[in-house]
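In what follows, a single structure is set out as structure tokens and then discussed.
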Number of protein chains: 2
Amino acid sequence: MQNSLDNLRTHIHDLSTEEVKQILSEMPPHDVVEVWDDLSRDEALQIFLLFSLEKKVELITELGQSDQEALIERLSEESAREIFEMVEPDDLVDIIQSLSEEVRGNVWRSLSEEARNQMQFLLRFDQDDAAGLMTPRYLAIRRNVTVGQAFAFIRTNATDVETIYYIYVVDDLKRLQGVVSLRDLLFNDDAARLEEIMVTKVVSVQEDMDQEEVAKLLESYDLIALPVVDGYNRLLGIVTFDDAIDVIREEQTEDVYKMGAMDGAADRYSDSSILRLVRKRIPWLTILLIAGTFTTNVISHFESLILAAGFLVWFVPVITQTGGNSGTQSSTLMIRGIAMGEIQFRDVGEVLFKELLVGLTMGILLAGVIILRGVFLPPGVEVIEAVAIGSALLFVVVFSSLIGALAPLVIHRLGLDPTVMAGPLMATLIDVAGLTIYFQAARLILRI
Amino acid sequence: MQNSLDNLRTHIHDLSTEEVKQILSEMPPHDVVEVWDDLSRDEALQIFLLFSLEKKVELITELGQSDQEALIERLSEESAREIFEMVEPDDLVDIIQSLSEEVRGNVWRSLSEEARNQMQFLLRFDQDDAAGLMTPRYLAIRRNVTVGQAFAFIRTNATDVETIYYIYVVDDLKRLQGVVSLRDLLFNDDAARLEEIMVTKVVSVQEDMDQEEVAKLLESYDLIALPVVDGYNRLLGIVTFDDAIDVIREEQTEDVYKMGAMDGAADRYSDSSILRLVRKRIPWLTILLIAGTFTTNVISHFESLILAAGFLVWFVPVITQTGGNSGTQSSTLMIRGIAMGEIQFRDVGEVLFKELLVGLTMGILLAGVIILRGVFLPPGVEVIEAVAIGSALLFVVVFSSLIGALAPLVIHRLGLDPTVMAGPLMATLIDVAGLTIYFQAARLILRI
């Protein structure tokens, strides 16, 4: 499938607009977005206008920010109205928020009075909260309604709700009382009242719950949708599973970026300008550079030792790198464990004990490797020198395994995000301490 | 919520079994799993037996491997039968595969003839493929059935299918002809035939499609379930959205581990023995150590330069670290872009051009920082020396940005997984080349 996509992207300009449209119509939205980059703005618009309304709606919600903006800017008010009427309100909020001031005005003008009100309601909420994910297009019915009446209601009123598979039961004040799945409706008698068959212990979330928690909860219960309520338990909207998947993907990208020493949002690479890429990357590089320069102080401090045993310097990069790697391994395990809710600060004793044993085992193995390498391969050192380096490495590995595990736990305990302690920062901090341990240990063993 | 969970875990042994059971009954399964670790095997069993059957089923599928095994081992054949009859077949396959030989026998004996056949059918497939995720509990109906008949059929036959929200339409040979959502059924007349209202362009997957691709496709179309077919388009089962979420999480953990220089599966930390942790971590550490020792050759090669300008050694760790960091940034962006299908090898020209400009900009800024640091802060170097170091750093940053971007693209092009080029390996490879560039550039500028 990847091949046919590559193929299309290579030959796209040999095909007629009609042919391209035909091919794209049958592709998953995700793939169409990839091909979109290879089209000029005008070609893209031309093909877009040939799509069915359904495909248009699908595509416009999937496109990256800059493609989205370029396309919307070029739409007539007529087409814009037709499309935005069909876009789910939660997606529409996202689109509106990512557009420039000017294009946003275009969208706004194309909306109906009702849609505008709905947008204004949704725009009140923090976009990283449960409420920022929710759609107000859900099904809510009163508790004394019968199953038969509920079916009739759904058949006439539910054409534009996002899911009809859960029906929420509310009271006069819109307070959430229970939930009935469409499945429950089907398997019950038409005369039964909703209050008799509804589940009253509804899994719901507060409007200000963090979106990551919302995704975890939905995942934990394998739900298609979760109701969002305010402080008075009034139903505000629902979050559906597809939004939860988006949140999981988004957080995933952000975590990977943090491990790669970058901050910020999950933009597409090809959408990012040079300046934007520099701004995303330079802060961490500078912080790490400044933190890393303390190693210059460490090395210059051991100048007399280095003059006496110059070979120690040869092994500086491999010692710092190995320390950084074992520390990164520990911190990665902790960060992941914390994120999954599996490890907490209270486990610190068990964790450090484990890391001590793991660090010792690995340190001994690695010391063996570097001693053999040092003695038998160029540049070549004496056996006692190799043993000094190997022993120093052992200490470094044990130290970095312990500190790599401890740091994320402490940071999480302080209420901060332990992901900052992933790879790069951990490695840099370990460099400074690791070099001190290395030179100190070597000095003791070599008796210099 | 996290607080109440911590609270419970701290005080769990002050509560009666009945109280603990009461609290756990109302908790999300995900949280119960966390608390489970704090219970002894016997306490856990005692509480487990008090749960409702539904809760038992929920919990047993969520538990980590070792807790699952310990629990199942202690169940009577009677309880085991009752529970496993309720577990979804796709989950049951996963459980069976993760159990030890011996306990697996227990489970097998507790299954009905029918369930055993079903398991044997599912166990034939590769667990990382679409078929490995699927459940055979789906709804399939013939095309000439009417909407009214379909409803009647669902109401009487569909009590044990995993989702009733999609009804698949098949012919006599079970070949997939179309799909009708329950929503479509509701909004159509009872007399309409399924063939008139079904969607014939069904989004389906082949049995051997990689599970990651399956998850992406389901995500792309926001589907609750995807049908899995064999080479003859015969319906084998369905993959539901909750399984897709599990796949996304699993892949996420594996990617994070790879960036943290570890291989292997996403086990729970507390379930992993010392030996298992060492086995997970030592292969990469050893490979990186051996690759990293080439830096000893580089440094010893420049021995005469170092004798003449000893301060160059002070900056070795910060140079290698910064080179590694900028290379990691580039490779992270590429790996993510490739995974999201956004970047391909054909974009290599555009990518390298961007990275060149980004690398130059960042290199100049970082050179400025290190020159100021070198001149004004201890250990302190001459201006010309600081300029030599700064310029060398500039070269290193540009080089590592380029190689960091190029390597994953090339590796992906060769059909391999570019994630191996994440952080650690990239940093080690850059160390060797980066040090050469650093000393060479410094030698030229200092004219030694």
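By order in the structure tokens, chains are A, B, ...; within a chain, residues start at 1; ligands start at 1, following the order shown.
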
| message | as a list of chain:residue names, please: the residues near range 214-218 of chain A (cut-off 8 Å, only C-alpha atoms, same-chain neighbours under 2 positions excluded). | response |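 My reading of the contact set: A:Ala130, A:Val205, A:Met209, A:Asp210, A:Gln211, A:Glu212, A:Ser220, A:Tyr221, A:Asp222, A:Leu223, A:Ile224, A:Ala225, A:Leu226, A:Phe241, A:Ala244, A:Ile245, A:Val247, A:Ile248, B:Pro28, B:His30.
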
Residues just named, written with N, CA and C atoms as a short mmCIF file (atom, residue, chain, number, x, y, z; two decimals), in the first residue's frame:
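Now in result.cif:
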```
data_model
loop_
_atom_site.label_atom_id
_atom_site.label_comp_id
_atom_site.auth_asym_id
_atom_site.auth_seq_id
_atom_site.Cartn_x
_atom_site.Cartn_y
_atom_site.Cartn_z
N ALA A 130 -10.99 18.09 29.21
CA ALA A 130 -12.08 17.25 28.70
C ALA A 130 -13.03 18.07 27.84
N VAL A 205 -16.68 12.41 33.27
CA VAL A 205 -15.52 13.23 33.64
C VAL A 205 -15.93 14.67 33.85
N MET A 209 -11.06 18.08 33.57
CA MET A 209 -10.10 16.98 33.67
C MET A 209 -9.12 17.05 32.51
N ASP A 210 -7.84 16.80 32.80
CA ASP A 210 -6.82 16.85 31.76
C ASP A 210 -7.12 15.83 30.67
N GLN A 211 -6.90 16.23 29.42
CA GLN A 211 -7.29 15.37 28.29
C GLN A 211 -6.59 14.01 28.31
N GLU A 212 -5.39 13.97 28.86
CA GLU A 212 -4.68 12.71 28.93
C GLU A 212 -5.40 11.73 29.87
N SER A 220 -9.52 2.67 29.58
CA SER A 220 -9.61 1.70 30.66
C SER A 220 -10.95 0.95 30.62
N TYR A 221 -12.01 1.68 30.29
CA TYR A 221 -13.33 1.05 30.24
C TYR A 221 -13.75 0.62 28.84
N ASP A 222 -12.88 0.78 27.84
CA ASP A 222 -13.22 0.44 26.46
C ASP A 222 -14.53 1.08 26.01
N LEU A 223 -14.71 2.35 26.32
CA LEU A 223 -15.96 3.02 25.98
C LEU A 223 -15.89 3.70 24.62
N ILE A 224 -17.01 3.80 23.96
CA ILE A 224 -17.08 4.53 22.69
C ILE A 224 -17.14 6.03 22.97
N ALA A 225 -17.75 6.41 24.09
CA ALA A 225 -17.83 7.83 24.44
C ALA A 225 -17.94 7.99 25.96
N LEU A 226 -17.49 9.15 26.43
CA LEU A 226 -17.55 9.50 27.86
C LEU A 226 -18.32 10.80 27.99
N PHE A 241 -14.35 8.14 21.23
CA PHE A 241 -13.08 7.38 21.23
C PHE A 241 -12.09 7.90 20.21
N ALA A 244 -10.10 10.52 21.73
CA ALA A 244 -9.14 9.96 22.69
C ALA A 244 -7.91 9.43 21.97
N ILE A 245 -8.13 8.78 20.82
CA ILE A 245 -6.99 8.28 20.05
C ILE A 245 -6.11 9.45 19.60
N VAL A 247 -5.68 12.26 21.12
CA VAL A 247 -4.94 12.73 22.29
C VAL A 247 -3.74 11.82 22.56
N ILE A 248 -3.96 10.52 22.48
CA ILE A 248 -2.87 9.57 22.73
C ILE A 248 -1.75 9.79 21.72
N PRO B 28 -11.86 2.45 38.26
CA PRO B 28 -11.58 2.01 36.90
C PRO B 28 -10.63 0.81 36.94
N HIS B 30 -8.13 0.06 35.32
CA HIS B 30 -6.75 0.49 35.23
C HIS B 30 -6.16 0.78 36.61
#
```

| chain B residues near chain A (6 Å cut-off, only C-alpha atoms) as a list in words |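 Listing them in order of chain and number gives His30, Arg155, Phe187, Ser220, Asp222, Asp242, Gly260, Ile274, Val278, Gly292, Thr293, Thr296, Asn297, Ile299, Trp314, Phe315, Val318, Thr328, Gln329, Thr332, Val358 and Pro379 of chain B.
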
| query | DSSP says helix (DSSP H, G or I) for which residues of range 270-388 of chain B? Put them as a ChimeraX atom specification? | reply | /B:270-271,274-292,294-301,303-308,311-314,316-339,345-376,383-388

Any chance you can output those residues with C-alpha atoms as a JSON list (two decimals), in the first residue's frame?
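Output below, filename selection-v5.json:
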```json
[["chain", "number", "residue", "atom", "x", "y", "z"],
["B", 270, "SER", "CA", 7.78, -4.24, 38.87],
["B", 271, "ASP", "CA", 7.09, -7.52, 37.06],
["B", 274, "ILE", "CA", 16.88, -8.24, 37.73],
["B", 275, "LEU", "CA", 17.98, -10.73, 35.10],
["B", 276, "ARG", "CA", 15.22, -9.67, 32.74],
["B", 277, "LEU", "CA", 16.09, -6.00, 33.17],
["B", 278, "VAL", "CA", 19.77, -6.71, 32.52],
["B", 279, "ARG", "CA", 18.87, -8.72, 29.44],
["B", 280, "LYS", "CA", 16.74, -5.86, 28.19],
["B", 281, "ARG", "CA", 19.47, -3.28, 28.71],
["B", 282, "ILE", "CA", 22.87, -4.91, 28.25],
["B", 283, "PRO", "CA", 22.75, -5.64, 24.48],
["B", 284, "TRP", "CA", 22.46, -2.00, 23.48],
["B", 285, "LEU", "CA", 24.88, -0.81, 26.15],
["B", 286, "THR", "CA", 27.49, -3.26, 24.91],
["B", 287, "ILE", "CA", 27.01, -2.38, 21.25],
["B", 288, "LEU", "CA", 27.19, 1.32, 22.06],
["B", 289, "LEU", "CA", 30.23, 0.82, 24.27],
["B", 290, "ILE", "CA", 32.09, -1.02, 21.53],
["B", 291, "ALA", "CA", 31.07, 1.51, 18.88],
["B", 292, "GLY", "CA", 31.99, 4.30, 21.30],
["B", 294, "PHE", "CA", 36.49, 4.17, 18.45],
["B", 295, "THR", "CA", 36.66, 7.60, 20.05],
["B", 296, "THR", "CA", 39.74, 6.39, 21.92],
["B", 297, "ASN", "CA", 41.44, 5.92, 18.57],
["B", 298, "VAL", "CA", 40.42, 9.40, 17.47],
["B", 299, "ILE", "CA", 41.74, 11.09, 20.60],
["B", 300, "SER", "CA", 44.98, 9.13, 20.70],
["B", 301, "HIS", "CA", 45.45, 10.00, 17.03],
["B", 303, "GLU", "CA", 47.91, 13.25, 20.79],
["B", 304, "SER", "CA", 50.47, 15.75, 19.50],
["B", 305, "LEU", "CA", 47.78, 18.39, 19.03],
["B", 306, "ILE", "CA", 46.54, 17.78, 22.58],
["B", 307, "LEU", "CA", 50.05, 18.09, 23.98],
["B", 308, "ALA", "CA", 50.34, 21.48, 22.28],
["B", 311, "PHE", "CA", 42.59, 22.95, 26.78],
["B", 312, "LEU", "CA", 41.03, 21.25, 23.75],
["B", 313, "VAL", "CA", 40.47, 18.18, 25.93],
["B", 314, "TRP", "CA", 38.47, 20.17, 28.45],
["B", 316, "VAL", "CA", 35.58, 17.13, 24.52],
["B", 317, "PRO", "CA", 32.48, 16.08, 26.53],
["B", 318, "VAL", "CA", 30.53, 19.24, 25.76],
["B", 319, "ILE", "CA", 31.36, 18.99, 22.06],
["B", 320, "THR", "CA", 30.35, 15.35, 21.78],
["B", 321, "GLN", "CA", 27.24, 15.92, 23.87],
["B", 322, "THR", "CA", 26.12, 18.90, 21.80],
["B", 323, "GLY", "CA", 26.81, 17.05, 18.56],
["B", 324, "GLY", "CA", 24.83, 14.11, 19.88],
["B", 325, "ASN", "CA", 21.96, 16.33, 20.94],
["B", 326, "SER", "CA", 21.57, 18.15, 17.64],
["B", 327, "GLY", "CA", 21.88, 14.87, 15.76],
["B", 328, "THR", "CA", 19.25, 13.32, 18.02],
["B", 329, "GLN", "CA", 16.92, 16.23, 17.37],
["B", 330, "SER", "CA", 17.17, 15.74, 13.61],
["B", 331, "SER", "CA", 16.80, 11.99, 13.80],
["B", 332, "THR", "CA", 13.80, 12.31, 16.14],
["B", 333, "LEU", "CA", 12.06, 14.64, 13.70],
["B", 334, "MET", "CA", 12.77, 12.25, 10.82],
["B", 335, "ILE", "CA", 11.73, 9.09, 12.67],
["B", 336, "ARG", "CA", 8.49, 10.71, 13.76],
["B", 337, "GLY", "CA", 7.85, 12.08, 10.27],
["B", 338, "ILE", "CA", 8.50, 8.67, 8.71],
["B", 339, "ALA", "CA", 6.25, 6.94, 11.24],
["B", 345, "PHE", "CA", 13.25, 9.21, 1.09],
["B", 346, "ARG", "CA", 12.19, 11.26, -1.91],
["B", 347, "ASP", "CA", 12.09, 14.32, 0.35],
["B", 348, "VAL", "CA", 15.79, 13.91, 1.12],
["B", 349, "GLY", "CA", 16.87, 16.99, -0.85],
["B", 350, "GLU", "CA", 14.42, 19.31, 0.85],
["B", 351, "VAL", "CA", 15.25, 17.81, 4.25],
["B", 352, "LEU", "CA", 19.02, 18.19, 3.91],
["B", 353, "PHE", "CA", 18.68, 21.77, 2.69],
["B", 354, "LYS", "CA", 16.51, 22.61, 5.70],
["B", 355, "GLU", "CA", 18.84, 20.86, 8.12],
["B", 356, "LEU", "CA", 21.83, 22.68, 6.64],
["B", 357, "LEU", "CA", 20.23, 26.05, 7.30],
["B", 358, "VAL", "CA", 18.92, 25.03, 10.72],
["B", 359, "GLY", "CA", 22.32, 23.55, 11.65],
["B", 360, "LEU", "CA", 24.16, 26.69, 10.52],
["B", 361, "THR", "CA", 21.84, 28.99, 12.48],
["B", 362, "MET", "CA", 22.04, 26.89, 15.63],
["B", 363, "GLY", "CA", 25.77, 26.32, 15.23],
["B", 364, "ILE", "CA", 26.47, 30.06, 15.07],
["B", 365, "LEU", "CA", 24.34, 30.74, 18.15],
["B", 366, "LEU", "CA", 25.92, 27.91, 20.14],
["B", 367, "ALA", "CA", 29.43, 28.91, 19.03],
["B", 368, "GLY", "CA", 28.69, 32.37, 20.42],
["B", 369, "VAL", "CA", 27.62, 30.89, 23.73],
["B", 370, "ILE", "CA", 30.66, 28.66, 24.10],
["B", 371, "ILE", "CA", 33.08, 31.43, 23.09],
["B", 372, "LEU", "CA", 31.65, 33.73, 25.77],
["B", 373, "ARG", "CA", 31.67, 30.91, 28.30],
["B", 374, "GLY", "CA", 35.23, 29.92, 27.38],
["B", 375, "VAL", "CA", 36.65, 33.43, 27.68],
["B", 376, "PHE", "CA", 34.81, 34.75, 30.71],
["B", 383, "VAL", "CA", 40.09, 34.49, 22.82],
["B", 384, "ILE", "CA", 41.73, 32.78, 19.86],
["B", 385, "GLU", "CA", 41.41, 29.45, 21.63],
["B", 386, "ALA", "CA", 37.74, 30.06, 22.37],
["B", 387, "VAL", "CA", 37.15, 31.03, 18.74],
["B", 388, "ALA", "CA", 38.81, 27.81, 17.61]]
```

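Of note, CA of Val229 in chain A and CA of Glu207 in chain A are spaced 5.7 Å apart.
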
| task | Determine, counting only C-alpha atoms, which protein, DNA and RNA residues have an atom within 9 Å of an atom of Glu85 in chain A; residues of the same chain fewer than 4 positions away are not included. Present the result as JSON, numbers by chain. | result | {"A": [80, 81, 89, 110, 111, 112, 115]}

| field | Contact residues around range 132-146 of chain B with only C-alpha atoms at 8 Å, ignoring same-chain residues under 5 positions, as number ranges by chain | value | B: 88-90, 118, 122-123, 125-127, 158, 160-164, 166-172, 177, 190-195, 211, 228, 236-240, 243

Store the residues picked out above in a file with N, CA and C atoms, as a CSV table (one decimal), in the first residue's frame.
```csv
chain,number,residue,atom,x,y,z
B,88,GLU,N,-13.6,-12.0,26.1
B,88,GLU,CA,-13.7,-11.9,24.7
B,88,GLU,C,-12.6,-12.8,24.1
B,89,PRO,N,-12.9,-13.5,23.0
B,89,PRO,CA,-12.0,-14.4,22.4
B,89,PRO,C,-10.6,-13.8,22.1
B,90,ASP,N,-10.6,-12.6,21.6
B,90,ASP,CA,-9.3,-12.0,21.2
B,90,ASP,C,-8.5,-11.7,22.5
B,118,GLN,N,-12.6,-22.4,18.9
B,118,GLN,CA,-12.5,-21.0,18.6
B,118,GLN,C,-11.0,-20.5,18.8
B,122,LEU,N,-8.1,-19.1,16.3
B,122,LEU,CA,-7.4,-17.8,16.5
B,122,LEU,C,-5.9,-18.0,16.7
B,123,LEU,N,-5.5,-19.1,17.3
B,123,LEU,CA,-4.1,-19.3,17.6
B,123,LEU,C,-3.3,-19.6,16.4
B,125,PHE,N,-3.0,-17.7,13.9
B,125,PHE,CA,-2.5,-16.5,13.3
B,125,PHE,C,-1.4,-15.8,14.0
B,126,ASP,N,-0.6,-15.1,13.3
B,126,ASP,CA,0.5,-14.3,13.9
B,126,ASP,C,-0.1,-13.2,14.8
B,127,GLN,N,0.4,-13.2,16.0
B,127,GLN,CA,-0.2,-12.2,17.0
B,127,GLN,C,0.1,-10.8,16.7
B,158,ALA,N,-27.7,-11.8,19.0
B,158,ALA,CA,-26.5,-11.0,19.1
B,158,ALA,C,-26.1,-10.7,20.6
B,160,ASP,N,-23.9,-12.2,22.4
B,160,ASP,CA,-22.5,-12.3,22.7
B,160,ASP,C,-21.6,-11.8,21.7
B,161,VAL,N,-22.0,-11.0,20.8
B,161,VAL,CA,-21.0,-10.4,19.8
B,161,VAL,C,-20.3,-9.2,20.5
B,162,GLU,N,-19.1,-8.9,20.0
B,162,GLU,CA,-18.4,-7.8,20.6
B,162,GLU,C,-18.9,-6.4,20.3
B,163,THR,N,-19.4,-6.2,19.1
B,163,THR,CA,-20.1,-5.0,18.8
B,163,THR,C,-21.3,-5.3,17.9
B,164,ILE,N,-22.4,-4.7,18.2
B,164,ILE,CA,-23.6,-4.8,17.4
B,164,ILE,C,-23.8,-3.6,16.5
B,166,TYR,N,-21.9,-2.5,14.0
B,166,TYR,CA,-21.7,-2.7,12.5
B,166,TYR,C,-22.2,-4.1,12.2
B,167,ILE,N,-23.0,-4.2,11.2
B,167,ILE,CA,-23.5,-5.5,10.7
B,167,ILE,C,-22.8,-5.8,9.3
B,168,TYR,N,-22.1,-6.9,9.2
B,168,TYR,CA,-21.4,-7.2,8.0
B,168,TYR,C,-22.3,-8.0,7.1
B,169,VAL,N,-22.3,-7.7,5.8
B,169,VAL,CA,-23.1,-8.5,4.9
B,169,VAL,C,-22.2,-9.4,4.1
B,170,VAL,N,-22.6,-10.7,4.1
B,170,VAL,CA,-21.7,-11.7,3.4
B,170,VAL,C,-22.6,-12.6,2.5
B,171,ASP,N,-21.9,-13.2,1.5
B,171,ASP,CA,-22.6,-14.1,0.6
B,171,ASP,C,-22.5,-15.6,1.2
B,172,ASP,N,-22.9,-16.6,0.4
B,172,ASP,CA,-22.9,-17.9,0.8
B,172,ASP,C,-21.6,-18.5,1.2
B,177,GLN,N,-19.5,-8.6,1.5
B,177,GLN,CA,-20.2,-7.9,0.4
B,177,GLN,C,-20.4,-6.4,0.7
B,190,ASP,N,-38.3,-0.6,7.7
B,190,ASP,CA,-38.2,-2.0,8.0
B,190,ASP,C,-38.2,-3.0,6.8
B,191,ALA,N,-38.8,-2.5,5.7
B,191,ALA,CA,-39.0,-3.3,4.5
B,191,ALA,C,-37.8,-3.3,3.6
B,192,ALA,N,-36.9,-2.3,3.8
B,192,ALA,CA,-35.7,-2.2,2.9
B,192,ALA,C,-34.8,-3.4,3.1
B,193,ARG,N,-34.2,-3.9,2.0
B,193,ARG,CA,-33.2,-5.0,2.1
B,193,ARG,C,-31.9,-4.4,2.4
B,194,LEU,N,-31.0,-5.2,3.1
B,194,LEU,CA,-29.7,-4.8,3.4
B,194,LEU,C,-28.9,-4.4,2.2
B,195,GLU,N,-29.1,-5.2,1.1
B,195,GLU,CA,-28.3,-4.9,-0.1
B,195,GLU,C,-28.6,-3.5,-0.7
B,211,GLN,N,-0.2,-5.0,12.6
B,211,GLN,CA,-1.2,-4.5,13.5
B,211,GLN,C,-1.1,-2.9,13.6
B,228,VAL,N,-11.7,-8.2,9.2
B,228,VAL,CA,-10.5,-8.8,8.7
B,228,VAL,C,-10.9,-9.9,7.7
B,236,LEU,N,-13.1,-13.2,8.3
B,236,LEU,CA,-12.5,-14.0,9.4
B,236,LEU,C,-12.9,-13.5,10.8
B,237,GLY,N,-13.0,-12.2,10.9
B,237,GLY,CA,-13.3,-11.6,12.2
B,237,GLY,C,-13.3,-10.1,12.2
B,238,ILE,N,-13.4,-9.4,13.3
B,238,ILE,CA,-13.3,-8.0,13.3
B,238,ILE,C,-12.3,-7.5,14.4
B,239,VAL,N,-11.7,-6.4,14.1
B,239,VAL,CA,-10.8,-5.8,15.1
B,239,VAL,C,-11.5,-4.5,15.6
B,240,THR,N,-11.7,-4.4,16.9
B,240,THR,CA,-12.4,-3.3,17.5
B,240,THR,C,-11.5,-2.1,17.9
B,243,ASP,N,-8.9,-2.5,20.8
B,243,ASP,CA,-7.7,-3.3,20.4
B,243,ASP,C,-6.7,-2.3,19.7
```

| message | Residues of range 15-216 of chain B classed as strand (DSSP E) by DSSP on the backbone are to be reported as a ChimeraX atom specification. | response | /B:139-142,166-170,176-181,205-206
